[in-house]
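Structure below is query26.cif: mmCIF, C-alpha atoms.
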```cif
data_model
#
loop_
_atom_site.group_PDB
_atom_site.id
_atom_site.type_symbol
_atom_site.label_atom_id
_atom_site.label_comp_id
_atom_site.auth_asym_id
_atom_site.auth_seq_id
_atom_site.Cartn_x
_atom_site.Cartn_y
_atom_site.Cartn_z
ATOM 1 C CA MET K 203 -42.693 -16.611 23.929
ATOM 2 C CA ALA K 204 -39.890 -16.371 26.453
ATOM 3 C CA GLY K 205 -37.430 -17.917 23.971
ATOM 4 C CA PRO K 206 -37.130 -15.066 21.424
ATOM 5 C CA GLU K 207 -37.155 -12.399 24.161
ATOM 6 C CA ASN K 208 -34.414 -14.279 26.021
ATOM 7 C CA GLY K 209 -32.382 -14.534 22.804
ATOM 8 C CA THR K 210 -32.796 -10.822 22.174
ATOM 9 C CA GLN K 211 -31.656 -10.040 25.732
ATOM 10 C CA GLN K 212 -28.612 -12.289 25.305
ATOM 11 C CA GLN K 213 -27.717 -10.490 22.067
ATOM 12 C CA ALA K 214 -28.079 -7.128 23.787
ATOM 13 C CA ASP K 215 -25.910 -8.308 26.705
ATOM 14 C CA ALA K 216 -23.284 -9.646 24.289
ATOM 15 C CA ALA K 217 -23.276 -6.365 22.344
ATOM 16 C CA GLN K 218 -22.888 -4.397 25.577
ATOM 17 C CA ALA K 219 -20.032 -6.637 26.764
ATOM 18 C CA ALA K 220 -18.315 -6.243 23.377
ATOM 19 C CA ALA K 221 -18.699 -2.443 23.565
ATOM 20 C CA ASN K 222 -17.313 -2.472 27.112
ATOM 21 C CA ALA K 223 -14.381 -4.617 25.951
ATOM 22 C CA ARG K 224 -13.663 -2.180 23.109
ATOM 23 C CA ALA K 225 -13.726 0.764 25.549
ATOM 24 C CA CYS K 226 -11.456 -1.040 28.014
ATOM 25 C CA PHE K 227 -8.986 -1.950 25.252
ATOM 26 C CA ALA K 228 -8.920 1.625 23.928
ATOM 27 C CA ALA K 229 -8.278 2.891 27.473
ATOM 28 C CA GLY K 230 -5.369 0.462 27.919
ATOM 29 C CA ASP K 231 -7.236 -1.745 30.411
ATOM 30 C CA TYR K 232 -6.398 -5.014 28.665
ATOM 31 C CA ALA K 233 -7.311 -7.217 31.629
ATOM 32 C CA GLY K 234 -10.713 -5.521 31.741
ATOM 33 C CA ALA K 235 -11.126 -6.052 28.008
ATOM 34 C CA ARG K 236 -10.253 -9.713 28.464
ATOM 35 C CA SER K 237 -12.818 -10.180 31.251
ATOM 36 C CA GLN K 238 -15.501 -8.408 29.185
ATOM 37 C CA LEU K 239 -14.750 -10.626 26.171
ATOM 38 C CA GLU K 240 -14.871 -13.736 28.329
ATOM 39 C CA ALA K 241 -18.370 -12.664 29.411
ATOM 40 C CA VAL K 242 -19.565 -12.696 25.789
ATOM 41 C CA PRO K 243 -21.294 -16.035 25.190
ATOM 42 C CA GLY K 244 -20.346 -18.226 22.276
ATOM 43 C CA GLY K 245 -17.092 -18.947 20.564
ATOM 44 C CA ASP K 246 -17.240 -16.997 17.318
ATOM 45 C CA LEU K 247 -13.895 -16.386 15.666
ATOM 46 C CA LYS K 248 -13.969 -12.602 15.899
ATOM 47 C CA ARG K 249 -14.437 -12.836 19.682
ATOM 48 C CA GLN K 250 -11.606 -15.358 19.927
ATOM 49 C CA HIS K 251 -9.371 -13.106 17.786
ATOM 50 C CA ASN K 252 -10.049 -10.128 20.035
ATOM 51 C CA LEU K 253 -9.549 -12.284 23.132
ATOM 52 C CA ALA K 254 -6.144 -13.410 21.817
ATOM 53 C CA LEU K 255 -5.167 -9.743 21.345
ATOM 54 C CA ALA K 256 -6.436 -8.797 24.810
ATOM 55 C CA ASN K 257 -4.452 -11.658 26.354
ATOM 56 C CA TYR K 258 -1.350 -10.590 24.435
ATOM 57 C CA TYR K 259 -1.583 -6.982 25.554
ATOM 58 C CA ALA K 260 -2.566 -7.939 29.127
ATOM 59 C CA SER K 261 0.687 -9.912 29.347
ATOM 60 C CA GLY K 262 2.627 -6.788 28.363
ATOM 61 C CA CYS K 263 3.207 -8.104 24.817
ATOM 62 C CA ALA K 264 5.590 -10.608 26.387
ATOM 63 C CA ASN K 265 4.750 -13.607 24.186
ATOM 64 C CA PRO K 266 4.478 -12.659 20.506
ATOM 65 C CA GLN K 267 4.965 -16.292 19.475
ATOM 66 C CA GLY K 268 1.915 -17.194 21.563
ATOM 67 C CA LEU K 269 -0.122 -14.581 19.689
ATOM 68 C CA ILE K 270 1.063 -15.920 16.345
ATOM 69 C CA SER K 271 0.124 -19.461 17.406
ATOM 70 C CA ALA K 272 -3.307 -18.329 18.596
ATOM 71 C CA LEU K 273 -3.992 -16.478 15.338
ATOM 72 C CA GLU K 274 -2.815 -19.430 13.240
ATOM 73 C CA GLY K 275 -5.069 -21.712 15.301
ATOM 74 C CA LEU K 276 -8.031 -19.454 14.576
ATOM 75 C CA LYS K 277 -7.192 -19.462 10.889
ATOM 76 C CA LYS K 278 -7.150 -23.271 10.844
ATOM 77 C CA ALA K 279 -10.343 -23.518 12.904
ATOM 78 C CA GLY K 280 -12.241 -21.013 10.765
ATOM 79 C CA GLY K 281 -11.034 -21.921 7.316
ATOM 80 C CA GLU K 282 -12.876 -19.699 4.858
ATOM 81 C CA SER K 283 -15.761 -18.879 7.198
ATOM 82 C CA GLU K 284 -16.477 -15.802 9.290
ATOM 83 C CA LEU K 285 -12.821 -14.871 9.894
ATOM 84 C CA ALA K 286 -12.281 -14.626 6.138
ATOM 85 C CA ALA K 287 -13.722 -11.122 6.190
ATOM 86 C CA ASP K 288 -11.256 -10.224 8.930
ATOM 87 C CA ALA K 289 -8.380 -12.269 7.497
ATOM 88 C CA SER K 290 -6.359 -9.179 6.617
ATOM 89 C CA LEU K 291 -6.673 -7.915 10.190
ATOM 90 C CA SER K 292 -5.580 -11.260 11.606
ATOM 91 C CA GLN K 293 -2.674 -11.449 9.150
ATOM 92 C CA TYR K 294 -1.584 -7.925 10.012
ATOM 93 C CA ASN K 295 -1.622 -8.714 13.734
ATOM 94 C CA ALA K 296 0.496 -11.815 13.097
ATOM 95 C CA ALA K 297 2.934 -9.684 11.064
ATOM 96 C CA VAL K 298 3.223 -7.216 13.961
ATOM 97 C CA ALA K 299 4.151 -10.060 16.304
ATOM 98 C CA GLN K 300 6.652 -11.425 13.758
ATOM 99 C CA PHE K 301 8.205 -7.971 13.469
ATOM 100 C CA GLN K 302 8.509 -7.837 17.252
ATOM 101 C CA LEU K 303 10.271 -11.217 17.158
ATOM 102 C CA GLN K 304 12.562 -9.828 14.432
ATOM 103 C CA GLN K 305 11.294 -12.486 12.007
ATOM 104 C CA TYR K 306 11.496 -9.991 9.183
ATOM 105 C CA GLY K 307 11.298 -12.533 6.364
ATOM 106 C CA LYS K 308 8.037 -14.021 7.656
ATOM 107 C CA CYS K 309 6.681 -10.574 8.456
ATOM 108 C CA ARG K 310 7.538 -9.342 4.970
ATOM 109 C CA ALA K 311 5.903 -12.346 3.297
ATOM 110 C CA VAL K 312 2.624 -11.671 5.108
ATOM 111 C CA LEU K 313 2.747 -7.930 4.469
ATOM 112 C CA GLU K 314 3.670 -8.305 0.787
ATOM 113 C CA ALA K 315 0.728 -10.654 0.271
ATOM 114 C CA LEU K 316 -1.553 -8.060 1.871
ATOM 115 C CA PHE K 317 0.051 -5.236 -0.127
ATOM 116 C CA LEU K 318 -0.422 -7.052 -3.435
ATOM 117 C CA ASN K 319 -4.156 -7.229 -2.711
ATOM 118 C CA ILE K 320 -4.514 -3.981 -0.746
ATOM 119 C CA GLU K 321 -7.477 -2.445 -2.562
ATOM 120 C CA PRO K 322 -10.220 -4.393 -0.713
ATOM 121 C CA VAL K 323 -8.501 -3.887 2.668
ATOM 122 C CA ASP K 324 -9.987 -1.307 5.032
ATOM 123 C CA GLU K 325 -8.314 2.080 4.468
ATOM 124 C CA PHE K 326 -7.107 2.415 8.075
ATOM 125 C CA LEU K 327 -5.591 -1.064 8.021
ATOM 126 C CA ALA K 328 -4.108 -0.548 4.547
ATOM 127 C CA PHE K 329 -2.084 2.408 5.816
ATOM 128 C CA ARG K 330 -0.887 0.375 8.815
ATOM 129 C CA VAL K 331 0.166 -2.458 6.486
ATOM 130 C CA CYS K 332 2.094 0.004 4.319
ATOM 131 C CA PHE K 333 3.893 1.668 7.210
ATOM 132 C CA LEU K 334 4.927 -1.650 8.753
ATOM 133 C CA LEU K 335 6.064 -2.895 5.339
ATOM 134 C CA LEU K 336 8.130 0.291 4.993
ATOM 135 C CA GLU K 337 9.801 -0.481 8.324
ATOM 136 C CA VAL K 338 10.627 -3.984 7.105
ATOM 137 C CA CYS K 339 12.026 -2.511 3.878
ATOM 138 C CA LEU K 340 14.238 -0.202 5.934
ATOM 139 C CA VAL K 341 15.496 -3.058 8.090
ATOM 140 C CA GLN K 342 16.162 -5.228 5.039
ATOM 141 C CA ARG K 343 17.489 -2.288 2.991
ATOM 142 C CA ASP K 344 15.091 -2.937 0.120
ATOM 143 C CA ALA K 345 14.720 0.438 -1.582
ATOM 144 C CA HIS K 346 12.878 -1.004 -4.599
ATOM 145 C CA LEU K 347 9.909 -2.339 -2.625
ATOM 146 C CA GLY K 348 10.047 0.686 -0.351
ATOM 147 C CA MET K 349 9.558 2.957 -3.357
ATOM 148 C CA LYS K 350 6.531 0.930 -4.497
ATOM 149 C CA VAL K 351 4.968 1.317 -1.051
ATOM 150 C CA LEU K 352 5.764 5.040 -0.908
ATOM 151 C CA THR K 353 4.270 5.535 -4.375
ATOM 152 C CA PHE K 354 1.076 3.794 -3.267
ATOM 153 C CA LEU K 355 0.933 5.897 -0.090
ATOM 154 C CA ASP K 356 1.537 9.078 -2.060
ATOM 155 C CA ARG K 357 -1.293 8.259 -4.488
ATOM 156 C CA SER K 358 -3.637 7.240 -1.672
ATOM 157 C CA TYR K 359 -2.844 10.258 0.479
ATOM 158 C CA ALA K 360 -3.310 12.599 -2.463
ATOM 159 C CA ALA K 361 -6.710 11.036 -3.162
ATOM 160 C CA LEU K 362 -7.690 11.331 0.496
ATOM 161 C CA THR K 363 -6.652 14.958 0.815
ATOM 162 C CA LYS K 364 -8.311 15.857 -2.485
ATOM 163 C CA SER K 365 -11.622 14.289 -1.447
ATOM 164 C CA GLY K 366 -11.226 15.721 2.067
ATOM 165 C CA SER K 367 -10.663 19.253 0.762
ATOM 166 C CA SER K 368 -13.689 19.040 -1.536
ATOM 167 C CA LYS K 369 -15.833 17.918 1.421
ATOM 168 C CA ALA K 370 -14.519 20.834 3.454
ATOM 169 C CA SER K 371 -15.222 23.339 0.691
ATOM 170 C CA ASP K 372 -18.702 21.855 0.156
ATOM 171 C CA SER K 373 -19.499 22.250 3.857
ATOM 172 C CA LYS K 374 -18.236 25.862 3.828
ATOM 173 C CA VAL K 375 -20.581 26.604 0.948
ATOM 174 C CA GLY K 376 -23.409 24.924 2.862
ATOM 175 C CA ALA K 377 -22.568 26.911 6.007
ATOM 176 C CA ALA K 378 -22.519 30.176 4.052
ATOM 177 C CA ALA K 379 -25.932 29.344 2.606
ATOM 178 C CA GLY K 380 -27.317 28.661 6.078
ATOM 179 C CA GLY K 381 -26.664 24.894 6.054
ATOM 180 C CA GLY K 382 -24.761 22.750 8.525
ATOM 181 C CA GLY K 383 -21.259 23.719 9.516
ATOM 182 C CA GLY K 384 -19.513 20.312 9.677
ATOM 183 C CA THR K 385 -16.448 19.386 7.688
ATOM 184 C CA GLY K 386 -17.701 16.040 6.451
ATOM 185 C CA ASP K 387 -17.882 12.595 7.901
ATOM 186 C CA THR K 388 -15.172 11.317 10.185
ATOM 187 C CA LYS K 389 -14.338 7.679 10.545
ATOM 188 C CA GLU K 390 -13.198 6.259 13.856
ATOM 189 C CA ALA K 391 -11.061 3.150 14.011
ATOM 190 C CA ASN K 392 -10.004 1.030 16.936
ATOM 191 C CA GLY K 393 -6.542 -0.364 17.403
ATOM 192 C CA GLY K 394 -3.297 -0.288 19.325
ATOM 193 C CA GLY K 395 -0.852 2.561 19.023
ATOM 194 C CA GLY K 396 2.414 2.665 17.159
ATOM 195 C CA ARG K 397 3.344 -0.713 15.790
ATOM 196 C CA GLY K 398 0.750 -2.387 17.979
ATOM 197 C CA GLY K 399 -1.943 -4.641 16.702
ATOM 198 C CA ALA K 400 -5.351 -3.647 15.534
ATOM 199 C CA GLY K 401 -8.538 -4.906 17.097
ATOM 200 C CA GLY K 402 -11.700 -5.692 15.203
#
```

What is this file in structure tokens?
Amino acid sequence: MAGPENGTQQQADAAQAAANARACFAAGDYAGARSQLEAVPGGDLKRQHNLALANYYASGCANPQGLISALEGLKKAGGESELAADASLSQYNAAVAQFQLQQYGKCRAVLEALFLNIEPVDEFLAFRVCFLLLEVCLVQRDAHLGMKVLTFLDRSYAALTKSGSSKASDSKVGAAAGGGGGTGDTKEANGGGGRGGAGG
């Protein structure tokens, strides 16, 4: 039964290479992230998406049009398959590159589509979408849409701080009663800084 064991080892090696790539990317070693991703066997769309981002950052973000082309190619290649779950991430990354190219109309179209269907989007990414859309609104001097985005952010932030404060008070009660002393779960997210792209 060397086959299943070999497959399990390959999966473990691929998972380790992906974790190494994530660590390299987070540390700013984009060339290292690229080489780790190239070591991952197979051509799944998530790997290719992350490889396109690593290549983009390794080049010093010098070719945003190349990133847009790569992401559009992945979208065409994947259709509604495995990248569909990460479609919002891919669309956001394309919008970041369009913003960098000062293609504000295209950037806004992508971001507005994401904003109109923001509820199922990951919370971390939803905030990034909103903040980039706010920047586009500022550039285009669109106060009306900007107010809609700010209202959404205000509601979302209020909900986050309300649930965060109740978790904190619950943990204080638990600590006073001899329970654990944590302040609730924290959620880590990977991605570039500032207006940079987000990795998956």

Closest to Leu327 of chain K among K:Gly275, K:Leu239, K:Leu313, K:Leu269, using all atoms listed in the file?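 Closest candidate: K:Leu313.
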
Env of Cys332 of chain K: 8 Å cut, atoms = only C-alpha atoms, seq-sep filter 3 positions within chain, self excluded. Answer as an MDAnalysis selection string. chainID K and resid 313 317 328:329 335:336 351 355

Write the residues of the preceding selection, restricted to C-alpha atoms, as a CSV table (one decimal), in the frame of the given file.
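Resulting contents of part01.csv:
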```csv
chain,number,residue,atom,x,y,z
K,313,LEU,CA,2.7,-7.9,4.5
K,317,PHE,CA,0.1,-5.2,-0.1
K,328,ALA,CA,-4.1,-0.5,4.5
K,329,PHE,CA,-2.1,2.4,5.8
K,335,LEU,CA,6.1,-2.9,5.3
K,336,LEU,CA,8.1,0.3,5.0
K,351,VAL,CA,5.0,1.3,-1.1
K,355,LEU,CA,0.9,5.9,-0.1
```

Suppose you want the space between atom CA of Asn265 of chain K and atom CA of Gln302 of chain K; what is it in Å? 9.8 Å

Pick the closest to Glu321 of chain K from K:Phe333, K:Phe301, K:Tyr232, K:Phe354: which is it, counting all atoms listed in the file?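 The answer is K:Phe354, which sits nearest to Glu321 of chain K.
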
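For Leu273 of chain K, the residues within 9 Å (counting only C-alpha atoms, excluding itself and residues fewer than 5 positions away along the chain) are K:Gln250, K:His251, K:Ala254, K:Gly268, K:Lys278, K:Ser292, K:Gln293, K:Asn295, K:Ala296.
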
Box dimensions and centre (Å, one decimal) enclosing segment 234-248 of chain K, axis-aligned, 5 Å extra per side, as lines of an AutoDock Vina configuration file:
```
center_x = -15.8
center_y = -12.2
center_z = 23.7
size_x = 21.0
size_y = 23.4
size_z = 26.1
```

Using all atoms listed in the file, which residue out of K:Val341, K:Val323, K:Met349, K:Val331 lies closest to Gly307 of chain K? K:Val341
